[in-house]
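Asks: The structure follows.
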Amino acid sequence: MIREENLLENARTQGEYLAMLLRERLTGPNALAAPFTFDIRGGGAFWAVEFDFEGPEAAKVDFKNEAFAMRVQARSLENGLIVMGMTNGANIESTKGNHIIFAPAYNITGEEVERIVDIFVTSTESVLRECFTS
């Protein structure tokens with residue numbers, strides 16, 4: 001089934017498409033999340049977005065002691081997308097980090113990838129807008 005349906009190649013192709021769209025929408029010149037998007041990495045059908053709130057732009061947001069990744073995970077779920085939010089683990093002391101993990105099905109289509117990115121970016125921007133201090 002995996003070989004017959006070319007699922008591994010599809011996962012690679014759609015995974016690269018997912019990464020490209022995430023980069024465009026999260027780090028582009030007009031992206032609200034650009035100052036906070038640290039890295040987009042992965043391969044195949046397993047990708048992660050890491051957000052960083054240590055830079056000078058971080059003074060503009062206040063999450064009121066709630067982890068950003070967990071807020072985005074909850075908002076994404078409300079909007080119909082299952083992603084995995086993870087906090088900490090980005091530094092050697094395991095005290096920093098906000099990651100969102102994507103693991104779409106191997107048979108995902110390009111349209112479904114586009115929908116995932118739309119929901120995720122909308123959810124991320126919604127959380128950011130709620131947390132801007134000025």
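Order determines the names: the first chain of the structure tokens is A, the second B, and so forth; residues in each chain are numbered 1 upward, and ligands are numbered 1 upward as they are shown.
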May I have the residues within 12 Å of Met1 (chain A) as a PDB file with C-alpha atoms, in the first residue's frame, using only C-alpha atoms and disregarding those fewer than 5 positions away in the same chain?
Replies:
```pdb
ATOM      1  CA  ASN A   6       3.662   6.397  -3.456  1.00  0.00           C
ATOM      2  CA  LEU A   7       3.000   7.658   0.077  1.00  0.00           C
ATOM      3  CA  LEU A   8       6.617   8.313   1.060  1.00  0.00           C
ATOM      4  CA  TYR A 106       1.258  10.532   4.366  1.00  0.00           C
ATOM      5  CA  ASN A 107      -1.617  10.850   1.883  1.00  0.00           C
TER       6      ASN A 107
END
```
Asks: Using DSSP assignments from the backbone, pull out every residue in chain A that falls under alpha helix (DSSP H) and give it to me as a PyMOL selection string.
Replies: chain A and resi 7-27+68-78+110-131
Asks: Residues within 9 Å of region 11-14 of chain A, please, as an MDAnalysis selection string. Count only C-alpha atoms; anything in the same chain fewer than 5 positions from it doesn't count.
Replies: chainID A and resid 6 19 43:46 104:110 113
Asks: Compile the contact shell of Leu22 (chain A) as a list in words: residues with an atom at most 10 Å away, counting only C-alpha atoms, same-chain residues fewer than 2 positions apart removed.
Replies: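 Using only C-alpha atoms, the neighbours found are Glu16, Tyr17, Leu18, Ala19, Met20, Glu24, Arg25, Leu26, Thr27, Gly28, Ile40, Ala48, Val49, Val113, Glu114, Ile116, Val117, Asp118, Phe120 and Val121 of chain A.
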Asks: Could you tell me which of A:Val127, A:Ile2, A:Leu81, A:Ile100 comes closest to Glu112 (chain A) if we count only C-alpha atoms?
Replies: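 Nearest candidate to Glu112 (chain A) out of A:Val127, A:Ile2, A:Leu81, A:Ile100: A:Leu81.
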Asks: What does the distance from CA of Met70 (chain A) to CA of His99 (chain A) come to in Å, to one decimal?
Replies: 9.0 Å
Asks: Kindly indicate which residue among A:Cys131, A:Val61, A:Leu77, A:Ile101 lies nearest to Arg41 (chain A), using only C-alpha atoms for the distances.
Replies: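 For Arg41 (chain A), the nearest of the candidates is A:Ile101.
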Asks: Could you state the separation of CA of Gly85 (chain A) and CA of Phe102 (chain A) in Å, given to one decimal place?
Replies: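 It comes out at 9.4 Å.
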Asks: Using only C-alpha atoms, determine which residues lie at most 10 Å from Gly89 (chain A), disregarding the query and same-chain residues fewer than 5 positions distant; provide the list as a ChimeraX atom specification.
Replies: /A:94-99
Asks: Based on the selection just made, write all heavy atoms of those residues as a short mmCIF file (atom, residue, chain, number, x, y, z; two decimals), in the first residue's frame.
Replies:
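What landed in again-v8.cif:
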```cif
data_model
loop_
_atom_site.label_atom_id
_atom_site.label_comp_id
_atom_site.auth_asym_id
_atom_site.auth_seq_id
_atom_site.Cartn_x
_atom_site.Cartn_y
_atom_site.Cartn_z
N SER A 94 16.68 23.49 29.47
CA SER A 94 15.27 23.13 29.22
C SER A 94 14.31 24.09 29.90
O SER A 94 13.30 23.70 30.48
CB SER A 94 14.98 21.69 29.67
OG SER A 94 15.57 20.80 28.77
N THR A 95 14.62 25.39 29.81
CA THR A 95 13.76 26.41 30.43
C THR A 95 13.12 27.33 29.41
O THR A 95 12.31 28.16 29.78
CB THR A 95 14.58 27.25 31.42
OG1 THR A 95 15.66 27.86 30.72
CG2 THR A 95 15.09 26.41 32.57
N LYS A 96 13.50 27.21 28.14
CA LYS A 96 12.97 28.10 27.11
C LYS A 96 12.45 27.28 25.94
O LYS A 96 12.90 26.17 25.71
CB LYS A 96 14.06 29.05 26.61
CG LYS A 96 14.62 29.96 27.67
CD LYS A 96 15.71 30.82 27.09
CE LYS A 96 16.32 31.68 28.19
NZ LYS A 96 17.45 32.47 27.69
N GLY A 97 11.56 27.89 25.19
CA GLY A 97 11.13 27.26 23.95
C GLY A 97 9.63 27.19 23.80
O GLY A 97 8.91 26.92 24.75
N ASN A 98 9.17 27.48 22.61
CA ASN A 98 7.78 27.34 22.22
C ASN A 98 7.79 26.74 20.82
O ASN A 98 8.20 27.39 19.86
CB ASN A 98 7.08 28.70 22.20
CG ASN A 98 6.70 29.17 23.57
OD1 ASN A 98 5.68 28.77 24.09
ND2 ASN A 98 7.53 30.01 24.17
N HIS A 99 7.37 25.49 20.73
CA HIS A 99 7.39 24.76 19.46
C HIS A 99 5.99 24.28 19.13
O HIS A 99 5.22 23.91 20.02
CB HIS A 99 8.28 23.52 19.55
CG HIS A 99 9.68 23.81 19.96
ND1 HIS A 99 10.06 24.02 21.25
CD2 HIS A 99 10.81 23.94 19.21
CE1 HIS A 99 11.36 24.26 21.30
NE2 HIS A 99 11.83 24.21 20.07
#
```
Asks: What's the separation between CA of Arg71 (chain A) and CA of Thr37 (chain A), in Å to one decimal place?
Replies: 15.5 Å
Asks: Going by DSSP on the backbone, which bits of chain A are strand (DSSP E or B)? Write them as an mmCIF file with C-alpha atoms, in the first residue's frame, please.
Replies:
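Output below, filename states01.cif:
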```
data_model
loop_
_atom_site.group_PDB
_atom_site.id
_atom_site.type_symbol
_atom_site.label_atom_id
_atom_site.label_comp_id
_atom_site.auth_asym_id
_atom_site.auth_seq_id
_atom_site.Cartn_x
_atom_site.Cartn_y
_atom_site.Cartn_z
ATOM 1 C CA THR A 37 9.479 32.895 14.333
ATOM 2 C CA PHE A 38 12.908 31.483 15.113
ATOM 3 C CA ASP A 39 13.015 28.365 12.942
ATOM 4 C CA ILE A 40 10.935 26.108 10.708
ATOM 5 C CA ARG A 41 12.517 22.683 10.409
ATOM 6 C CA GLY A 42 11.758 19.077 9.694
ATOM 7 C CA GLY A 43 11.341 16.672 6.838
ATOM 8 C CA PHE A 46 7.136 15.822 10.439
ATOM 9 C CA TRP A 47 7.778 19.566 10.824
ATOM 10 C CA ALA A 48 8.131 22.057 13.645
ATOM 11 C CA VAL A 49 7.917 25.799 14.065
ATOM 12 C CA GLU A 50 9.949 27.287 16.896
ATOM 13 C CA PHE A 51 9.022 30.678 18.305
ATOM 14 C CA VAL A 61 3.679 40.743 24.032
ATOM 15 C CA MET A 84 1.156 19.616 19.161
ATOM 16 C CA GLY A 85 2.394 22.482 21.281
ATOM 17 C CA MET A 86 5.569 21.952 23.245
ATOM 18 C CA THR A 87 7.272 24.234 25.736
ATOM 19 C CA ASN A 98 7.783 27.339 22.219
ATOM 20 C CA HIS A 99 7.391 24.762 19.464
ATOM 21 C CA ILE A 100 4.469 23.639 17.355
ATOM 22 C CA ILE A 101 4.732 20.194 15.764
ATOM 23 C CA PHE A 102 2.991 19.182 12.537
ATOM 24 C CA PHE A 132 0.156 42.677 22.322
#
```
Asks: Can you tell me which residues surround Asn79 (chain A) at a distance of at most 9 Å, considering only C-alpha atoms, apart from same-chain residues fewer than 5 positions away, and format the answer as a ChimeraX atom specification?
Replies: /A:74,119-120,122-123
Asks: With N, CA and C atoms kept, could you save the residues just selected as an mmCIF file, in the first residue's frame?
Replies:
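Generated output (selection_5.cif):
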```cif
data_model
loop_
_atom_site.group_PDB
_atom_site.id
_atom_site.type_symbol
_atom_site.label_atom_id
_atom_site.label_comp_id
_atom_site.auth_asym_id
_atom_site.auth_seq_id
_atom_site.Cartn_x
_atom_site.Cartn_y
_atom_site.Cartn_z
ATOM 1 N N ALA A 74 -4.255 25.298 21.497
ATOM 2 C CA ALA A 74 -5.681 25.352 21.848
ATOM 3 C C ALA A 74 -6.485 26.121 20.805
ATOM 4 N N ILE A 119 -5.209 27.786 8.704
ATOM 5 C CA ILE A 119 -5.728 27.688 10.075
ATOM 6 C C ILE A 119 -4.623 28.013 11.080
ATOM 7 N N PHE A 120 -3.434 27.468 10.867
ATOM 8 C CA PHE A 120 -2.349 27.688 11.819
ATOM 9 C C PHE A 120 -1.947 29.153 11.894
ATOM 10 N N THR A 122 -3.685 31.809 11.021
ATOM 11 C CA THR A 122 -4.802 32.560 11.605
ATOM 12 C C THR A 122 -4.817 32.392 13.121
ATOM 13 N N SER A 123 -4.621 31.180 13.593
ATOM 14 C CA SER A 123 -4.615 30.903 15.037
ATOM 15 C C SER A 123 -3.442 31.596 15.719
#
```
